[in-house]
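Shown below: work.txt, with compact mmCIF, C-alpha atoms.
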# COMPACT_ATOMS: atom_id res chain seq x y z
CA MET A 1 58.51 166.55 103.19
CA CYS A 2 58.03 165.84 99.51
CA VAL A 3 61.13 166.11 97.35
CA GLU A 4 59.47 164.94 94.14
CA ASN A 5 58.53 168.47 93.12
CA CYS A 6 62.17 169.58 93.27
CA PRO A 7 63.78 167.87 90.25
CA PRO A 8 67.43 166.83 90.19
CA PRO A 9 69.81 169.52 88.95
CA SER A 10 70.28 169.71 85.19
CA ASN A 11 72.65 167.01 84.01
CA ARG A 12 73.89 169.43 81.36
CA LEU A 13 74.86 172.03 83.93
CA THR A 14 76.41 169.93 86.66
CA ARG A 15 77.74 166.64 85.32
CA ARG A 16 81.08 168.09 84.25
CA GLY A 17 81.64 169.52 87.70
CA VAL A 18 80.57 166.30 89.41
CA LEU A 19 82.90 164.27 87.21
CA ALA A 20 85.75 166.65 87.91
CA GLY A 21 85.19 166.39 91.66
CA ALA A 22 84.89 162.62 91.51
CA ALA A 23 88.04 162.44 89.41
CA ALA A 24 89.94 164.47 91.97
CA LEU A 25 88.76 162.16 94.77
CA ALA A 26 89.64 159.04 92.80
CA GLY A 27 93.01 160.38 91.67
CA THR A 28 92.12 159.72 88.04
CA THR A 29 93.10 163.16 86.76
CA ALA A 30 96.71 162.56 87.75
CA ALA A 31 96.57 159.04 86.34
CA LEU A 32 95.31 160.34 83.01
CA ALA A 33 97.99 163.02 82.89
CA ALA A 34 100.62 160.33 83.36
CA ALA A 35 99.16 158.01 80.72
CA PRO A 36 100.88 158.28 77.32
CA GLY A 37 98.61 159.93 74.78
CA ALA A 38 95.73 160.36 77.21
CA SER A 39 93.81 163.54 77.91
CA ALA A 40 94.52 165.13 81.29
CA ALA A 41 90.82 165.63 82.07
CA PRO A 42 88.15 162.94 82.27
CA MET A 43 85.82 163.02 79.28
CA THR A 44 82.56 161.30 78.52
CA ARG A 45 82.35 158.97 75.54
CA THR A 46 80.35 161.60 73.64
CA SER A 47 82.78 164.46 74.30
CA ALA A 48 85.73 162.25 73.41
CA ALA A 49 84.14 161.41 70.08
CA ARG A 50 83.42 165.09 69.40
CA SER A 51 87.01 166.03 70.08
CA GLY A 52 88.32 163.36 67.73
CA ASN A 53 90.37 162.02 70.63
CA ALA A 54 88.45 158.82 71.32
CA PRO A 55 91.01 156.23 72.44
CA ARG A 56 91.76 153.18 70.31
CA GLY A 57 92.82 149.81 71.51
CA GLY A 58 96.19 148.32 70.74
CA ASP A 59 97.51 145.88 68.15
CA LEU A 60 98.99 142.69 69.61
CA VAL A 61 99.61 139.06 68.78
CA ILE A 62 99.54 136.60 71.68
CA ASP A 63 101.65 133.77 70.37
CA GLY A 64 102.12 130.14 71.33
CA GLY A 65 100.03 129.65 74.46
CA THR A 66 97.35 127.11 75.37
CA LEU A 67 94.03 128.84 74.78
CA LEU A 68 90.95 128.06 76.89
CA ASP A 69 87.51 129.07 75.66
CA PRO A 70 85.22 129.22 78.74
CA ALA A 71 82.08 129.11 76.60
CA THR A 72 82.83 125.73 75.06
CA GLY A 73 85.55 124.35 77.32
CA GLU A 74 87.70 123.84 74.24
CA VAL A 75 91.47 123.83 74.82
CA THR A 76 93.71 124.81 71.91
CA GLU A 77 97.43 124.19 72.14
CA ASP A 78 100.00 126.29 70.26
CA ALA A 79 97.34 128.95 69.81
CA VAL A 80 97.58 132.44 68.36
CA VAL A 81 95.32 135.38 69.22
CA VAL A 82 95.40 138.39 66.89
CA ILE A 83 94.16 141.69 68.32
CA ARG A 84 93.76 144.80 66.14
CA ASP A 85 92.48 148.13 67.46
CA GLY A 86 91.71 146.40 70.75
CA VAL A 87 89.43 143.77 69.22
CA VAL A 88 90.11 140.07 68.59
CA ARG A 89 90.33 139.48 64.83
CA ALA A 90 91.34 135.82 64.98
CA ALA A 91 92.04 133.14 67.58
CA GLY A 92 92.90 129.49 67.17
CA ARG A 93 95.55 126.97 66.26
CA ARG A 94 98.61 128.55 64.68
CA LYS A 95 98.15 126.84 61.30
CA ASN A 96 94.65 128.31 61.00
CA VAL A 97 95.51 131.93 61.86
CA ASP A 98 97.07 134.54 59.60
CA VAL A 99 99.51 136.57 61.65
CA PRO A 100 99.88 140.18 60.44
CA ALA A 101 103.37 141.54 59.90
CA GLY A 102 104.74 144.38 61.97
CA VAL A 103 102.52 143.79 65.02
CA THR A 104 103.97 143.49 68.52
CA VAL A 105 104.15 139.86 69.65
CA LEU A 106 103.60 138.72 73.22
CA ASP A 107 105.28 135.36 73.74
CA ALA A 108 102.89 132.98 75.49
CA GLN A 109 104.94 129.80 75.16
CA GLY A 110 104.35 127.60 78.20
CA ARG A 111 101.43 129.77 79.37
CA TRP A 112 97.70 129.25 79.45
CA VAL A 113 95.72 132.05 77.81
CA LEU A 114 92.23 133.00 79.00
CA PRO A 115 89.95 135.97 78.39
CA GLY A 116 90.25 138.76 80.94
CA LEU A 117 88.19 138.07 84.05
CA VAL A 118 85.16 139.96 85.38
CA ASP A 119 84.70 141.09 88.99
CA SER A 120 80.95 141.60 89.32
CA HIS A 121 81.05 143.30 92.72
CA ILE A 122 83.88 145.63 93.67
CA HIS A 123 84.25 149.12 95.17
CA LEU A 124 86.79 151.17 93.17
CA ASN A 125 87.49 154.50 94.83
CA THR A 126 90.92 155.39 93.45
CA ALA A 127 93.09 155.08 90.37
CA ALA A 128 95.50 152.93 92.37
CA GLU A 129 92.73 150.46 93.23
CA ALA A 130 91.67 150.35 89.58
CA ALA A 131 95.23 149.61 88.46
CA ARG A 132 95.61 146.89 91.09
CA THR A 133 92.33 145.27 90.04
CA LEU A 134 93.52 145.18 86.45
CA ALA A 135 96.91 143.75 87.40
CA LEU A 136 95.15 140.91 89.24
CA GLY A 137 93.32 139.88 86.08
CA ALA A 138 89.95 141.65 86.21
CA THR A 139 89.76 143.54 82.92
CA THR A 140 86.03 144.20 83.43
CA ALA A 141 84.12 144.97 86.62
CA ARG A 142 80.86 146.20 88.10
CA SER A 143 80.98 148.75 90.89
CA GLY A 144 79.13 148.01 94.10
CA SER A 145 78.88 151.79 94.76
CA THR A 146 81.20 154.52 96.01
CA ASN A 147 80.56 157.45 98.35
CA PHE A 148 81.19 160.36 96.00
CA TYR A 149 80.87 159.07 92.41
CA GLN A 150 84.52 158.00 92.23
CA ASP A 151 83.44 154.92 90.27
CA ILE A 152 82.04 157.09 87.49
CA ALA A 153 85.40 158.87 87.30
CA VAL A 154 87.18 155.49 87.23
CA ARG A 155 84.90 154.41 84.39
CA GLU A 156 85.92 157.52 82.45
CA LEU A 157 89.57 156.73 83.19
CA SER A 158 89.10 153.23 81.77
CA ARG A 159 87.64 154.69 78.57
CA GLN A 160 90.42 157.21 78.07
CA ALA A 161 93.35 155.03 79.19
CA PRO A 162 92.27 151.35 79.13
CA GLY A 163 95.65 150.20 80.39
CA LEU A 164 95.01 151.93 83.73
CA ALA A 165 91.62 150.55 84.76
CA PRO A 166 89.14 147.76 84.03
CA ARG A 167 86.12 148.34 81.83
CA LEU A 168 83.53 149.36 84.41
CA ARG A 169 79.80 149.40 85.03
CA ALA A 170 79.39 152.18 87.60
CA SER A 171 76.55 152.34 90.14
CA GLY A 172 77.27 155.72 91.70
CA ILE A 173 76.10 156.07 95.31
CA PHE A 174 74.29 153.52 97.46
CA VAL A 175 70.50 153.87 97.76
CA THR A 176 70.30 153.38 101.52
CA PRO A 177 68.21 154.87 104.35
CA ASP A 178 71.14 156.75 105.93
CA LEU A 179 73.28 158.49 103.31
CA GLY A 180 75.62 160.02 105.90
CA ASP A 181 78.24 162.26 104.29
CA THR A 182 77.29 160.87 100.88
CA ILE A 183 74.49 163.43 100.92
CA LEU A 184 77.27 165.89 99.95
CA ALA A 185 78.10 163.93 96.80
CA ASP A 186 75.72 166.01 94.71
CA PRO A 187 73.71 169.21 95.31
CA GLY A 188 70.60 167.36 94.16
CA LEU A 189 70.79 165.20 97.27
CA THR A 190 71.02 167.94 99.89
CA PRO A 191 67.21 168.46 100.21
CA LEU A 192 67.12 164.93 101.66
CA ALA A 193 68.98 166.18 104.73
CA ARG A 194 65.68 167.63 105.97
CA LEU A 195 64.01 164.20 106.07
CA LYS A 196 63.75 162.85 109.61
CA GLY A 197 63.29 159.26 108.46
CA GLY A 198 66.12 159.26 105.95
CA VAL A 199 65.77 157.91 102.42
CA THR A 200 62.63 155.83 102.90
CA SER A 201 59.69 157.63 101.28
CA THR A 202 58.74 156.98 97.67
CA GLU A 203 59.83 160.48 96.70
CA ALA A 204 63.20 160.22 98.44
CA LEU A 205 63.95 156.80 96.93
CA ARG A 206 63.15 158.11 93.46
CA ARG A 207 65.30 161.18 94.07
CA VAL A 208 68.47 159.21 94.87
CA VAL A 209 67.97 156.94 91.86
CA GLU A 210 67.30 159.92 89.58
CA VAL A 211 70.40 161.78 90.76
CA ASN A 212 72.47 158.65 90.14
CA LEU A 213 71.03 158.35 86.64
CA ALA A 214 71.63 162.04 85.94
CA ARG A 215 75.28 161.56 86.89
CA GLY A 216 75.66 158.68 84.44
CA ALA A 217 75.28 155.55 86.58
CA ASP A 218 75.06 152.34 84.55
CA THR A 219 73.22 150.42 87.27
CA ILE A 220 71.71 151.11 90.70
CA LYS A 221 72.87 149.61 94.01
CA THR A 222 70.59 149.30 97.01
CA ARG A 223 70.26 147.19 100.13
CA VAL A 224 67.63 145.30 102.07
CA ASN A 225 69.86 144.45 105.07
CA PRO A 226 72.71 146.25 106.90
CA ARG A 227 76.38 145.25 106.59
CA ALA A 228 77.75 142.00 107.99
CA GLY A 229 81.22 143.50 108.27
CA LEU A 230 80.25 146.01 110.95
CA ALA A 231 79.83 144.31 114.31
CA GLU A 232 77.43 146.97 115.59
CA GLN A 233 74.98 146.32 112.73
CA ASP A 234 72.50 143.46 112.48
CA PRO A 235 72.83 142.03 108.94
CA LEU A 236 69.46 140.30 109.25
CA GLU A 237 67.48 143.46 110.04
CA GLN A 238 65.31 144.53 107.10
CA VAL A 239 65.72 148.21 106.19
CA TYR A 240 63.60 148.31 103.01
CA SER A 241 60.31 146.55 102.29
CA ARG A 242 59.42 144.84 99.04
CA GLU A 243 57.35 147.90 98.11
CA GLN A 244 60.29 150.27 98.67
CA LEU A 245 62.58 148.02 96.65
CA SER A 246 59.96 147.95 93.89
CA THR A 247 60.03 151.75 93.77
CA ILE A 248 63.80 151.69 93.29
CA VAL A 249 63.56 149.04 90.57
CA ALA A 250 60.75 150.79 88.73
CA THR A 251 62.58 154.13 88.74
CA ALA A 252 65.73 152.51 87.39
CA ARG A 253 63.84 150.54 84.74
CA ARG A 254 62.25 153.68 83.34
CA ALA A 255 65.78 154.68 82.34
CA GLY A 256 66.64 151.20 81.09
CA LYS A 257 68.83 150.38 84.11
CA ASP A 258 68.83 147.43 86.48
CA VAL A 259 69.40 147.06 90.23
CA LEU A 260 71.78 145.02 92.36
CA CYS A 261 70.74 144.45 95.98
CA HIS A 262 72.85 143.84 99.09
CA SER A 263 70.97 141.10 100.97
CA TYR A 264 71.59 138.54 103.71
CA SER A 265 68.32 137.38 105.27
CA GLU A 266 66.02 134.93 103.50
CA LYS A 267 63.06 137.33 103.63
CA GLY A 268 65.24 140.16 102.40
CA CYS A 269 66.57 138.08 99.51
CA HIS A 270 63.08 136.93 98.57
CA ASP A 271 61.64 140.45 98.72
CA ALA A 272 64.49 141.75 96.55
CA VAL A 273 63.90 139.05 93.95
CA MET A 274 60.14 139.62 93.92
CA ALA A 275 60.74 143.37 93.57
CA GLY A 276 62.63 142.66 90.35
CA VAL A 277 66.29 143.24 91.14
CA LYS A 278 68.78 141.96 88.57
CA SER A 279 71.14 140.39 91.08
CA VAL A 280 71.27 139.43 94.74
CA GLU A 281 74.59 140.23 96.43
CA HIS A 282 75.91 138.14 99.37
CA GLY A 283 72.71 136.18 100.16
CA ALA A 284 74.03 134.07 103.04
CA PHE A 285 70.58 132.84 104.16
CA ILE A 286 68.97 132.57 100.73
CA SER A 287 66.56 129.63 100.48
CA GLU A 288 65.94 127.01 97.82
CA GLN A 289 62.51 128.57 97.23
CA THR A 290 64.08 131.92 96.46
CA LEU A 291 66.72 130.33 94.22
CA HIS A 292 63.95 128.64 92.22
CA GLU A 293 62.29 132.03 91.83
CA MET A 294 65.60 133.54 90.71
CA ARG A 295 65.97 130.82 88.07
CA ARG A 296 62.47 131.55 86.80
CA ARG A 297 63.05 135.29 86.65
CA GLY A 298 66.64 135.26 85.40
CA THR A 299 67.97 136.88 88.59
CA TYR A 300 71.72 136.46 89.18
CA PHE A 301 73.51 135.56 92.41
CA THR A 302 76.82 137.11 93.55
CA PRO A 303 77.77 135.35 96.82
CA THR A 304 81.06 137.28 97.45
CA MET A 305 82.52 134.39 99.44
CA VAL A 306 86.03 135.86 99.66
CA ALA A 307 84.69 138.91 101.49
CA ILE A 308 82.53 136.85 103.83
CA GLY A 309 85.33 134.39 104.53
CA GLY A 310 87.62 137.32 105.23
CA MET A 311 85.82 137.89 108.52
CA ILE A 312 87.06 134.56 109.86
CA GLY A 313 89.81 135.21 112.38
CA ASP A 314 88.83 138.84 112.91
CA PRO A 315 89.82 140.13 116.39
CA ASP A 316 86.18 141.06 116.94
CA PRO A 317 84.44 137.82 118.00
CA VAL A 318 81.15 138.96 116.43
CA LEU A 319 82.73 139.25 112.99
CA ASP A 320 84.71 136.04 113.42
CA GLU A 321 81.52 134.17 114.29
CA ARG A 322 79.67 135.68 111.33
CA GLY A 323 82.38 134.58 108.94
CA ARG A 324 82.42 131.04 110.32
CA THR A 325 78.62 130.85 110.19
CA TYR A 326 77.96 132.55 106.86
CA LEU A 327 80.69 131.05 104.67
CA PRO A 328 79.48 127.40 104.80
CA LYS A 329 75.93 128.60 104.11
CA LEU A 330 77.14 130.62 101.13
CA LYS A 331 79.07 127.70 99.69
CA ALA A 332 75.99 125.48 99.96
CA ALA A 333 73.83 128.21 98.40
CA ALA A 334 76.29 128.73 95.53
CA LYS A 335 76.39 125.00 94.77
CA LEU A 336 72.60 124.73 94.85
CA ALA A 337 72.21 127.85 92.71
CA HIS A 338 74.52 126.34 90.10
CA GLU A 339 72.67 123.01 90.15
CA LEU A 340 69.33 124.81 89.70
CA GLY A 341 70.62 126.87 86.78
CA VAL A 342 70.69 130.26 88.51
CA GLY A 343 73.13 132.72 86.93
CA LEU A 344 76.08 132.55 89.31
CA VAL A 345 78.80 135.21 89.13
CA SER A 346 82.01 136.03 90.98
CA GLY A 347 82.60 139.24 92.89
CA THR A 348 85.25 140.01 95.50
CA ASP A 349 83.47 142.93 97.23
CA SER A 350 86.93 144.47 97.58
CA SER A 351 86.87 147.87 99.28
CA GLY A 352 88.72 150.16 101.63
CA GLY A 353 91.95 150.19 99.65
CA SER A 354 92.46 146.42 99.67
CA VAL A 355 91.91 144.61 96.37
CA GLU A 356 91.43 140.85 96.35
CA PRO A 357 92.17 138.87 93.17
CA ILE A 358 89.05 137.76 91.35
CA GLY A 359 90.81 134.42 91.00
CA ALA A 360 90.31 133.92 94.76
CA GLU A 361 86.53 134.04 94.30
CA ILE A 362 86.77 131.56 91.43
CA GLU A 363 88.74 129.33 93.79
CA MET A 364 85.94 129.68 96.35
CA MET A 365 83.39 128.70 93.71
CA HIS A 366 85.41 125.59 92.96
CA SER A 367 85.67 124.72 96.66
CA ALA A 368 81.88 125.09 96.88
CA GLY A 369 81.49 122.20 94.44
CA LEU A 370 81.61 123.71 90.94
CA SER A 371 83.93 122.17 88.38
CA ALA A 372 86.97 124.27 87.54
CA LEU A 373 85.44 125.21 84.17
CA ASP A 374 82.09 126.20 85.66
CA ALA A 375 83.89 128.22 88.34
CA ILE A 376 85.82 130.07 85.60
CA ARG A 377 82.53 130.78 83.82
CA THR A 378 81.29 132.70 86.87
CA ALA A 379 83.96 135.32 86.09
CA THR A 380 83.75 135.15 82.29
CA THR A 381 80.68 134.14 80.29
CA ASN A 382 78.14 134.28 83.14
CA ALA A 383 79.38 137.66 84.34
CA ALA A 384 79.44 139.04 80.80
CA ARG A 385 75.73 138.26 80.45
CA LEU A 386 74.90 139.92 83.76
CA LEU A 387 76.79 143.10 82.92
CA GLY A 388 75.37 143.35 79.40
CA PHE A 389 78.68 142.52 77.73
CA GLU A 390 77.68 139.22 76.13
CA GLY A 391 79.29 138.97 72.71
CA ARG A 392 82.01 141.38 73.78
CA VAL A 393 83.58 140.05 77.00
CA GLY A 394 84.29 136.60 78.45
CA ARG A 395 85.88 134.87 75.44
CA LEU A 396 88.83 135.31 73.13
CA ALA A 397 86.97 134.92 69.86
CA ARG A 398 86.54 137.08 66.77
CA GLY A 399 84.77 140.34 67.57
CA TYR A 400 85.37 140.17 71.33
CA ALA A 401 87.42 142.68 73.31
CA GLY A 402 91.14 142.02 73.24
CA ASP A 403 91.34 141.35 76.98
CA ALA A 404 93.43 138.40 78.12
CA ILE A 405 95.35 136.92 81.01
CA LEU A 406 98.39 134.67 80.79
CA LEU A 407 98.73 132.03 83.50
CA SER A 408 101.65 129.97 84.75
CA GLY A 409 99.71 126.70 84.70
CA ASN A 410 96.53 124.87 83.77
CA PRO A 411 93.56 126.45 85.60
CA LEU A 412 91.42 123.38 84.89
CA ALA A 413 93.81 121.37 87.04
CA ASP A 414 94.67 124.08 89.58
CA VAL A 415 92.33 127.08 89.80
CA SER A 416 94.70 128.82 92.22
CA VAL A 417 96.86 129.95 89.27
CA LEU A 418 94.08 132.43 88.44
CA LYS A 419 95.02 134.49 91.51
CA LYS A 420 98.40 135.50 90.08
CA PRO A 421 98.30 136.19 86.34
CA VAL A 422 101.73 136.30 84.72
CA ARG A 423 100.55 138.99 82.29
CA VAL A 424 97.36 140.96 81.66
CA VAL A 425 96.21 142.40 78.34
CA ARG A 426 93.51 145.09 78.17
CA THR A 427 92.10 145.96 74.72
CA GLY A 428 95.28 144.84 73.00
CA VAL A 429 97.64 146.60 75.40
CA ALA A 430 99.92 144.48 77.59
CA VAL A 431 99.65 145.94 81.08
Could you express the structure from this file as structure tokens?
Amino acid sequence: MCVENCPPPSNRLTRRGVLAGAAALAGTTAALAAAPGASAAPMTRTSAARSGNAPRGGDLVIDGGTLLDPATGEVTEDAVVVIRDGVVRAAGRRKNVDVPAGVTVLDAQGRWVLPGLVDSHIHLNTAAEAARTLALGATTARSGSTNFYQDIAVRELSRQAPGLAPRLRASGIFVTPDLGDTILADPGLTPLARLKGGVTSTEALRRVVEVNLARGADTIKTRVNPRAGLAEQDPLEQVYSREQLSTIVATARRAGKDVLCHSYSEKGCHDAVMAGVKSVEHGAFISEQTLHEMRRRGTYFTPTMVAIGGMIGDPDPVLDERGRTYLPKLKAAAKLAHELGVGLVSGTDSSGGSVEPIGAEIEMMHSAGLSALDAIRTATTNAARLLGFEGRVGRLARGYAGDAILLSGNPLADVSVLKKPVRVVRTGVAV
């Protein structure tokens, strides 16, 4: 059956309803209602601007900490960061910064101050998960998909009430052969239920991408292999060919969007890279040849080592064995990727109600052989480039977002302090 001749439903007619349904599933409507000064209903950036109710960031001075700039590695003692309207206006040594009068001061004496961290692969389904992610130091994130567009609702929550959720790049629903109940996420997907082979034809692949784009997805998530975390699935089986992946990439690119691809096998990783994906996720069996190709093409690598290592010790012997086998391979791949100059980024792959601190993935990067500073860059400057936030996220410098974390100790000496921030600031608001 061809679904190409049946276009996705009008974005104008259905997006409000889809957002409302996603917001109800994610619990963001209640979160917004409880947020001081926030609208009770999720709004798009355009509608917020029309209503004159577009949220502003806060005014804050972070005073007296030791400031680390991940871009340069520069450490500034007795530093001051001035944030106005959610944006950094000045940052540096106290004697070089004019501190405005009447602005709330956050005492950072004895603390290290870093820009807010970025989790480049996470599944945020609820307002509670979004708040937990923020509290653990990730002020920016990229969704690895949700079942019913909850991530798009969480993104709207973050725009209306930044203190409740990280800034988010949403990917909508997974482009995968078997949509399962996700086929009910949007009426534009229901014609696919008649397809015996699932989402595999050119028309069906385009349809899922187009529905995602119509609902406001910032990026597209697909897979080339099944999940490693389900014992009954073979994570080395290939479910999409290079040609099918190319269809997904081409459809996304026509709308100016990129694609992240869940991959484990070497052939799957290579096919994904050659198809033009922006980032390879997991990649346990990725080869040096493929990493060289990624460096040439500017493809990023998100190894999600915390999630893979989390299978070690699982009561199911299949999962335990996968964790013990995959994690050393991932560490070696991450180290080689870094040495070759591949864009390496941190992502926890948190899902199912459990949120891991992004600092744990930075710690994994360090244990894989990266210096502490380079490991921190995987969740700051590197990740900002991948997500399209370069010049806005990943540093505390003039013109950047006023996102910060305060730490109990020196992360260059002990990266584990990144797992438990003492305080988090999101767009000038202390969380």
Open item on the list: I'd like the interatomic distance between CA of Lys329 (chain A) and CA of Glu288 (chain A), to a tenth of an Å.
Closed with: 11.9 Å
Task: Nearby residues (all atoms listed in the file) at most 8 Å from Phe174 (chain A), same-chain spacing under 3 positions excluded, as a list in words - done: Ser145, Thr146, Asn147, Ser171, Leu179, Ile220, Lys221, Thr222 and Arg223 of chain A
TODO: Identify, on the basis of all atoms listed in the file, every residue whose closest approach to Ala307 (chain A) does not exceed 8 Å; exclude the query and any residue fewer than 4 positions from it along the same chain; express the result as a PyMOL selection string.
DONE: chain A and resi 311+348-350
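Distance cut-off 8 Å, centre (76.0, 131.6, 86.3), atoms counted all atoms listed in the file; the residues meeting this are Tyr300, Phe301, His338, Gly341, Val342, Gly343, Leu344, Val345, Arg377, Thr378, Asn382 and Ala383 of chain A.
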- [ ] Would you mind listing what lies within 12 Å of Gly388 (chain A) as a list in words, with all atoms listed in the file counted and same-chain residues fewer than 4 positions away left out?
- [x]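 Contacts, with the query itself left out: Val118, Ser120, Thr140, Ala141, Arg142, Leu168, Arg169, Asp218, Thr219, Gly256, Lys257, Asp258, Lys278, Thr381, Asn382, Ala383, Ala384, Arg392, Val393 and Gly394 of chain A.
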Open item on the list: Which residues are close to Gly163 (chain A), i.e. within 8 Å by only C-alpha atoms, leaving aside same-chain residues fewer than 3 positions away? Reply as number ranges by chain.
Closed with: A: 158, 166, 426-427, 429-431
Reconstruct N, CA, C and O atoms of region 65-78 of chain A from the incomplete input and present them as a tab-separated table (two decimals), in the frame of the given file.
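New file selection_34.tsv:
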chain	number	residue	atom	x	y	z
A	65	GLY	N	100.56	130.16	73.20
A	65	GLY	CA	100.03	129.65	74.46
A	65	GLY	C	98.99	128.57	74.26
A	65	GLY	O	98.63	128.20	73.14
A	66	THR	N	98.47	128.06	75.38
A	66	THR	CA	97.35	127.11	75.37
A	66	THR	C	96.09	127.90	75.68
A	66	THR	O	95.93	128.45	76.77
A	67	LEU	N	95.21	127.97	74.70
A	67	LEU	CA	94.03	128.84	74.78
A	67	LEU	C	92.83	128.07	75.32
A	67	LEU	O	92.49	126.99	74.82
A	68	LEU	N	92.17	128.64	76.34
A	68	LEU	CA	90.95	128.06	76.89
A	68	LEU	C	89.77	128.96	76.55
A	68	LEU	O	89.78	130.16	76.84
A	69	ASP	N	88.75	128.36	75.95
A	69	ASP	CA	87.51	129.07	75.66
A	69	ASP	C	86.48	128.68	76.73
A	69	ASP	O	85.98	127.55	76.72
A	70	PRO	N	86.15	129.58	77.68
A	70	PRO	CA	85.22	129.22	78.74
A	70	PRO	C	83.83	128.84	78.23
A	70	PRO	O	83.14	128.04	78.87
A	71	ALA	N	83.42	129.40	77.11
A	71	ALA	CA	82.08	129.11	76.60
A	71	ALA	C	81.91	127.66	76.21
A	71	ALA	O	80.88	127.03	76.47
A	72	THR	N	82.93	127.10	75.57
A	72	THR	CA	82.83	125.73	75.06
A	72	THR	C	83.66	124.73	75.86
A	72	THR	O	83.44	123.52	75.76
A	73	GLY	N	84.62	125.23	76.62
A	73	GLY	CA	85.55	124.35	77.32
A	73	GLY	C	86.67	123.85	76.43
A	73	GLY	O	87.53	123.09	76.88
A	74	GLU	N	86.68	124.30	75.18
A	74	GLU	CA	87.70	123.84	74.24
A	74	GLU	C	89.08	124.36	74.62
A	74	GLU	O	89.25	125.54	74.94
A	75	VAL	N	90.07	123.48	74.55
A	75	VAL	CA	91.47	123.83	74.82
A	75	VAL	C	92.25	123.70	73.52
A	75	VAL	O	92.23	122.66	72.87
A	76	THR	N	92.93	124.78	73.14
A	76	THR	CA	93.71	124.81	71.91
A	76	THR	C	95.17	125.03	72.22
A	76	THR	O	95.54	126.09	72.75
A	77	GLU	N	96.00	124.06	71.91
A	77	GLU	CA	97.43	124.19	72.14
A	77	GLU	C	98.10	124.92	70.97
A	77	GLU	O	97.58	124.93	69.85
A	78	ASP	N	99.25	125.52	71.26
A	78	ASP	CA	100.00	126.29	70.26
A	78	ASP	C	99.06	127.26	69.54
A	78	ASP	O	98.98	127.30	68.31
